[in-house]
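Peer 1: Supplied structure: start.cif, mmCIF, C-alpha atoms.
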data_data
loop_
_atom_site.label_atom_id
_atom_site.label_comp_id
_atom_site.auth_asym_id
_atom_site.auth_seq_id
_atom_site.Cartn_x
_atom_site.Cartn_y
_atom_site.Cartn_z
CA ASN A 5 -16.22 1.43 -21.88
CA ALA A 6 -14.44 3.74 -19.43
CA GLY A 7 -11.27 1.61 -19.19
CA VAL A 8 -9.30 2.30 -16.00
CA THR A 9 -10.53 5.14 -13.83
CA GLN A 10 -8.82 6.72 -10.84
CA THR A 11 -10.03 9.14 -8.21
CA PRO A 12 -9.11 11.68 -7.08
CA LYS A 13 -6.99 13.40 -9.76
CA PHE A 14 -5.18 15.58 -7.24
CA ARG A 15 -4.85 15.54 -3.48
CA ILE A 16 -2.84 17.38 -0.85
CA LEU A 17 -2.37 15.59 2.46
CA LYS A 18 -0.81 16.67 5.71
CA ILE A 19 1.87 14.49 7.29
CA GLY A 20 0.23 11.70 9.28
CA GLN A 21 -3.11 11.79 7.48
CA SER A 22 -4.52 8.75 5.73
CA MET A 23 -6.37 8.34 2.46
CA THR A 24 -7.52 5.82 -0.10
CA LEU A 25 -6.80 6.12 -3.80
CA GLN A 26 -9.58 4.53 -5.81
CA CYS A 27 -9.07 2.49 -8.98
CA ALA A 28 -11.71 0.73 -11.05
CA GLN A 29 -11.71 -1.04 -14.42
CA ASP A 30 -14.59 -2.23 -16.57
CA MET A 31 -12.66 -4.55 -18.89
CA ASN A 32 -13.01 -7.68 -16.71
CA HIS A 33 -9.23 -7.87 -16.34
CA ASN A 34 -7.86 -10.26 -13.74
CA TYR A 35 -4.58 -8.43 -13.21
CA MET A 36 -4.39 -5.02 -11.55
CA TYR A 37 -1.41 -2.94 -10.46
CA TRP A 38 -0.43 0.14 -8.51
CA TYR A 39 2.65 2.14 -9.49
CA ARG A 40 4.23 5.31 -8.26
CA GLN A 41 6.27 7.59 -10.46
CA ASP A 42 8.56 10.25 -9.02
CA PRO A 43 9.64 13.20 -11.20
CA GLY A 44 12.00 12.11 -13.98
CA MET A 45 11.89 8.51 -12.86
CA GLY A 46 10.37 5.30 -14.14
CA LEU A 47 7.45 3.36 -12.72
CA LYS A 48 7.89 1.55 -9.44
CA LEU A 49 5.45 -1.25 -8.62
CA ILE A 50 3.81 -0.89 -5.21
CA TYR A 51 1.33 -3.79 -5.15
CA TYR A 52 -0.37 -5.99 -7.68
CA SER A 53 -3.24 -8.46 -7.80
CA VAL A 54 -3.78 -11.49 -10.03
CA GLY A 55 -7.45 -11.78 -9.16
CA ALA A 56 -10.11 -10.99 -6.57
CA GLY A 57 -8.86 -11.87 -3.09
CA ILE A 58 -5.20 -12.21 -4.16
CA THR A 59 -2.63 -9.45 -3.72
CA ASP A 60 1.16 -9.35 -3.60
CA LYS A 61 3.88 -6.84 -2.85
CA GLY A 62 5.88 -5.11 -5.55
CA GLU A 63 9.18 -3.22 -5.23
CA VAL A 64 8.06 -0.45 -2.86
CA PRO A 65 5.12 -1.64 -0.67
CA ASN A 66 6.10 0.02 2.63
CA GLY A 67 3.56 2.56 3.83
CA TYR A 68 0.78 1.22 1.60
CA ASN A 69 -1.96 -1.39 1.75
CA VAL A 70 -4.32 -2.83 -0.82
CA SER A 71 -7.37 -5.01 -1.02
CA ARG A 72 -9.14 -6.69 -3.94
CA SER A 73 -12.64 -7.75 -2.99
CA THR A 74 -14.01 -7.54 -6.55
CA THR A 75 -12.57 -7.95 -10.04
CA GLU A 76 -13.35 -4.32 -10.83
CA ASP A 77 -11.88 -2.43 -7.87
CA PHE A 78 -8.36 -2.19 -6.46
CA PRO A 79 -8.05 0.60 -3.86
CA LEU A 80 -4.68 1.70 -2.46
CA ARG A 81 -4.57 2.83 1.16
CA LEU A 82 -1.96 5.23 2.53
CA GLU A 83 -1.65 5.17 6.30
CA LEU A 84 0.27 7.92 8.10
CA ALA A 85 1.26 9.88 4.99
CA ALA A 86 4.89 11.01 4.76
CA PRO A 87 6.57 13.56 2.43
CA SER A 88 8.37 10.63 0.73
CA GLN A 89 4.99 9.51 -0.58
CA THR A 90 4.63 12.65 -2.69
CA SER A 91 4.36 11.21 -6.18
CA VAL A 92 2.07 10.44 -9.09
CA TYR A 93 0.21 7.17 -8.63
CA PHE A 94 -0.93 5.10 -11.58
CA CYS A 95 -3.30 2.17 -11.51
CA ALA A 96 -3.21 -0.33 -14.38
CA SER A 97 -5.00 -3.49 -15.42
CA SER A 98 -4.31 -6.29 -17.86
CA TRP A 99 -5.78 -9.50 -19.25
CA GLU A 100 -2.47 -10.93 -20.41
CA ARG A 101 0.67 -8.83 -20.79
CA GLU A 102 -0.49 -5.48 -22.21
CA GLN A 103 -1.27 -3.14 -19.35
CA PHE A 104 -3.81 -0.34 -19.61
CA PHE A 105 -3.18 2.64 -17.37
CA GLY A 106 -5.51 5.01 -15.60
CA PRO A 107 -4.97 8.79 -15.77
CA GLY A 108 -3.12 8.96 -12.47
CA THR A 109 -3.48 10.66 -9.09
CA ARG A 110 -1.05 13.45 -8.21
CA LEU A 111 -0.47 13.33 -4.44
CA THR A 112 1.42 15.91 -2.39
CA VAL A 113 2.21 15.35 1.28
CA LEU A 114 3.14 18.50 3.20
CA GLN B 9 14.86 -10.12 -10.15
CA LYS B 10 14.82 -9.18 -13.80
CA GLU B 11 16.36 -5.84 -14.64
CA VAL B 12 15.74 -3.49 -17.51
CA GLU B 13 18.14 -0.66 -18.26
CA GLN B 14 17.64 2.40 -20.41
CA ASN B 15 19.61 5.60 -20.92
CA SER B 16 17.57 8.30 -19.22
CA GLY B 17 18.53 10.93 -21.79
CA PRO B 18 17.39 13.41 -22.72
CA LEU B 19 17.89 12.39 -26.31
CA SER B 20 17.51 15.33 -28.66
CA VAL B 21 17.03 14.89 -32.42
CA PRO B 22 16.04 17.33 -35.17
CA GLU B 23 12.68 17.01 -36.86
CA GLY B 24 12.78 14.46 -39.67
CA ALA B 25 15.72 12.51 -38.24
CA ILE B 26 15.72 8.93 -36.95
CA ALA B 27 15.51 8.60 -33.17
CA SER B 28 17.06 5.46 -31.72
CA LEU B 29 16.10 4.33 -28.22
CA ASN B 30 17.82 1.37 -26.58
CA CYS B 31 17.01 -1.02 -23.77
CA THR B 32 19.02 -3.90 -22.28
CA TYR B 33 17.66 -6.65 -20.08
CA SER B 34 19.25 -9.12 -17.70
CA ASP B 35 17.08 -12.25 -18.05
CA ARG B 36 18.08 -14.39 -21.02
CA GLY B 37 14.76 -16.21 -20.72
CA SER B 38 12.68 -13.11 -21.52
CA GLN B 39 10.47 -13.80 -24.51
CA SER B 40 8.57 -10.59 -25.14
CA PHE B 41 9.22 -6.88 -24.88
CA PHE B 42 7.05 -3.82 -24.76
CA TRP B 43 7.56 -0.15 -25.59
CA TYR B 44 5.33 2.40 -23.88
CA ARG B 45 5.17 6.13 -24.64
CA GLN B 46 4.41 8.63 -21.90
CA TYR B 47 3.69 12.26 -22.66
CA SER B 48 4.47 14.73 -19.90
CA GLY B 49 1.73 14.68 -17.28
CA LYS B 50 -0.03 11.73 -18.90
CA SER B 51 -0.18 7.98 -18.33
CA PRO B 52 1.87 5.45 -20.32
CA GLU B 53 0.38 3.94 -23.48
CA LEU B 54 1.54 0.86 -25.37
CA ILE B 55 3.00 1.60 -28.81
CA MET B 56 4.88 -1.58 -29.76
CA PHE B 57 5.53 -5.12 -28.60
CA ILE B 58 7.91 -7.69 -30.06
CA TYR B 59 8.34 -11.42 -29.46
CA SER B 60 10.74 -12.61 -32.15
CA ASN B 61 14.32 -11.82 -33.02
CA GLY B 62 14.65 -9.25 -35.77
CA ASP B 63 12.55 -6.25 -36.67
CA LYS B 64 8.89 -5.40 -36.30
CA GLU B 65 7.56 -2.36 -38.12
CA ASP B 66 4.43 -0.31 -37.42
CA GLY B 67 4.20 2.91 -39.40
CA ARG B 68 7.15 5.13 -38.45
CA PHE B 69 8.08 2.85 -35.54
CA THR B 70 10.40 -0.16 -35.75
CA ALA B 71 11.23 -2.40 -32.81
CA GLN B 72 14.43 -4.44 -33.07
CA LEU B 73 15.15 -7.42 -30.85
CA ASN B 74 18.51 -9.14 -30.44
CA LYS B 75 18.15 -11.94 -27.88
CA ALA B 76 21.80 -13.03 -28.15
CA SER B 77 22.97 -9.56 -27.09
CA GLN B 78 19.98 -9.00 -24.79
CA TYR B 79 18.88 -5.67 -26.14
CA VAL B 80 15.78 -4.26 -27.73
CA SER B 81 15.63 -0.99 -29.63
CA LEU B 82 12.92 1.36 -30.84
CA LEU B 83 13.56 3.38 -33.98
CA ILE B 84 11.35 6.32 -34.86
CA ARG B 85 11.72 7.41 -38.49
CA ASP B 86 10.90 10.95 -39.66
CA SER B 87 10.70 12.14 -36.05
CA GLN B 88 8.08 14.77 -35.33
CA PRO B 89 7.81 17.25 -32.43
CA SER B 90 4.72 15.28 -31.39
CA ASP B 91 7.01 12.30 -30.72
CA SER B 92 8.59 14.23 -27.84
CA ALA B 93 7.85 12.06 -24.81
CA THR B 94 9.43 9.55 -22.46
CA TYR B 95 9.71 6.02 -23.86
CA LEU B 96 9.58 3.11 -21.42
CA CYS B 97 10.83 -0.38 -22.17
CA ALA B 98 9.17 -3.26 -20.28
CA VAL B 99 9.74 -6.99 -19.87
CA PRO B 100 7.16 -9.42 -18.44
CA GLY B 101 7.80 -10.94 -15.02
CA TRP B 102 5.46 -13.31 -13.24
CA GLY B 103 2.08 -11.61 -13.43
CA LYS B 104 3.62 -8.18 -13.94
CA LEU B 105 5.82 -6.01 -16.16
CA ILE B 106 9.32 -4.86 -15.22
CA PHE B 107 9.82 -1.30 -16.51
CA GLY B 108 13.04 0.50 -17.33
CA GLN B 109 13.48 4.05 -16.07
CA GLY B 110 12.56 5.50 -19.46
CA THR B 111 14.36 7.62 -22.06
CA GLU B 112 13.21 11.20 -22.60
CA LEU B 113 13.09 12.10 -26.29
CA SER B 114 12.97 15.70 -27.51
CA VAL B 115 12.36 16.37 -31.22
CA LYS B 116 13.36 19.90 -32.18
CA PRO B 117 11.53 21.68 -35.05
#
Take the structure from the file and write it as structure tokens.
Peer 2:
Amino acid sequence: NAGVTQTPKFRILKIGQSMTLQCAQDMNHNYMYWYRQDPGMGLKLIYYSVGAGITDKGEVPNGYNVSRSTTEDFPLRLELAAPSQTSVYFCASSWEREQFFGPGTRLTVL
Amino acid sequence: QKEVEQNSGPLSVPEGAIASLNCTYSDRGSQSFFWYRQYSGKSPELIMFIYSNGDKEDGRFTAQLNKASQYVSLLIRDSQPSDSATYLCAVPGWGKLIFGQGTELSVKP
């Protein structure tokens, strides 16, 4: 049981580049989430999904897109990367209220 | 939108002391509360949850909930340097959790 996995662990992007952060879970959880965490700050919700085919915006969705074609996978797409998107990105999943977090992706945009 | 407020700290306590972390929330209808611990460079992990008014104890950790005053606390007894981390309070919203900004705790040997 791998739990929640995220790839890559680290990435450096140039301004204007695009990339997809991968997230997968093997716990058959319906709910999945993407957060960003800036240094010394709390978690800000980017997007979340309550099941395959259903996604909704969180607090800070601008500059990001998501899709949820399967229960297991919830990729986050960054289009036209900007320095303001430099952050640590966490994916999480849950069955009810307790959320299980992946190890995170540290992204730097230069 | 529900709000969750925490003092960002840092809160510094000597080893063996009691660390007290506080969280206030805006929605009187909130029924359950979660405490997550996040070590530097790591992902958050759940350490306590509480549904009822009063205290809930788990080892050295005690969560206290006061719905009338809309606050929830986390007490850590006999604090250890390994307890040094950021502690995040969270309240359920529809299909999601609303997190506070976290309180950084430093336990000095």
Peer 1: Residues of chain A near chain B: apply a cut-off of 8 Å, count all atoms listed in the file, and supply the list as a PyMOL selection string.
Peer 2: chain A and resi 35+45-48+52+54+94+101-108
Peer 1: Between CA of Arg81 in chain A and CA of Tyr68 in chain A, what is the distance, to one decimal in Å?
Peer 2: 5.6 Å
Peer 1: One decimal, Å: what's the distance from CA of Arg45 in chain B over to CA of Asp60 in chain A, could you say?
Peer 2: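 Going from CA of Arg45 in chain B over to CA of Asp60 in chain A, I get 26.4 Å.
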Peer 1: Which one is closest to Thr24 in chain A: A:Val113, A:Val92, A:Ala6, A:Leu82? Count only C-alpha atoms.
Peer 2: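 When distances to Thr24 in chain A are compared using only C-alpha atoms, the smallest one comes from A:Leu82.
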Peer 1: What lies within 9 Å of Ile58 in chain A using only C-alpha atoms, ignoring chain neighbours under 5 positions off, as a list of chain:residue names?
Peer 2: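 Within the cut-off, the hits are A:Tyr52, A:Ser53, A:Ser71, A:Arg72, A:Ser73.
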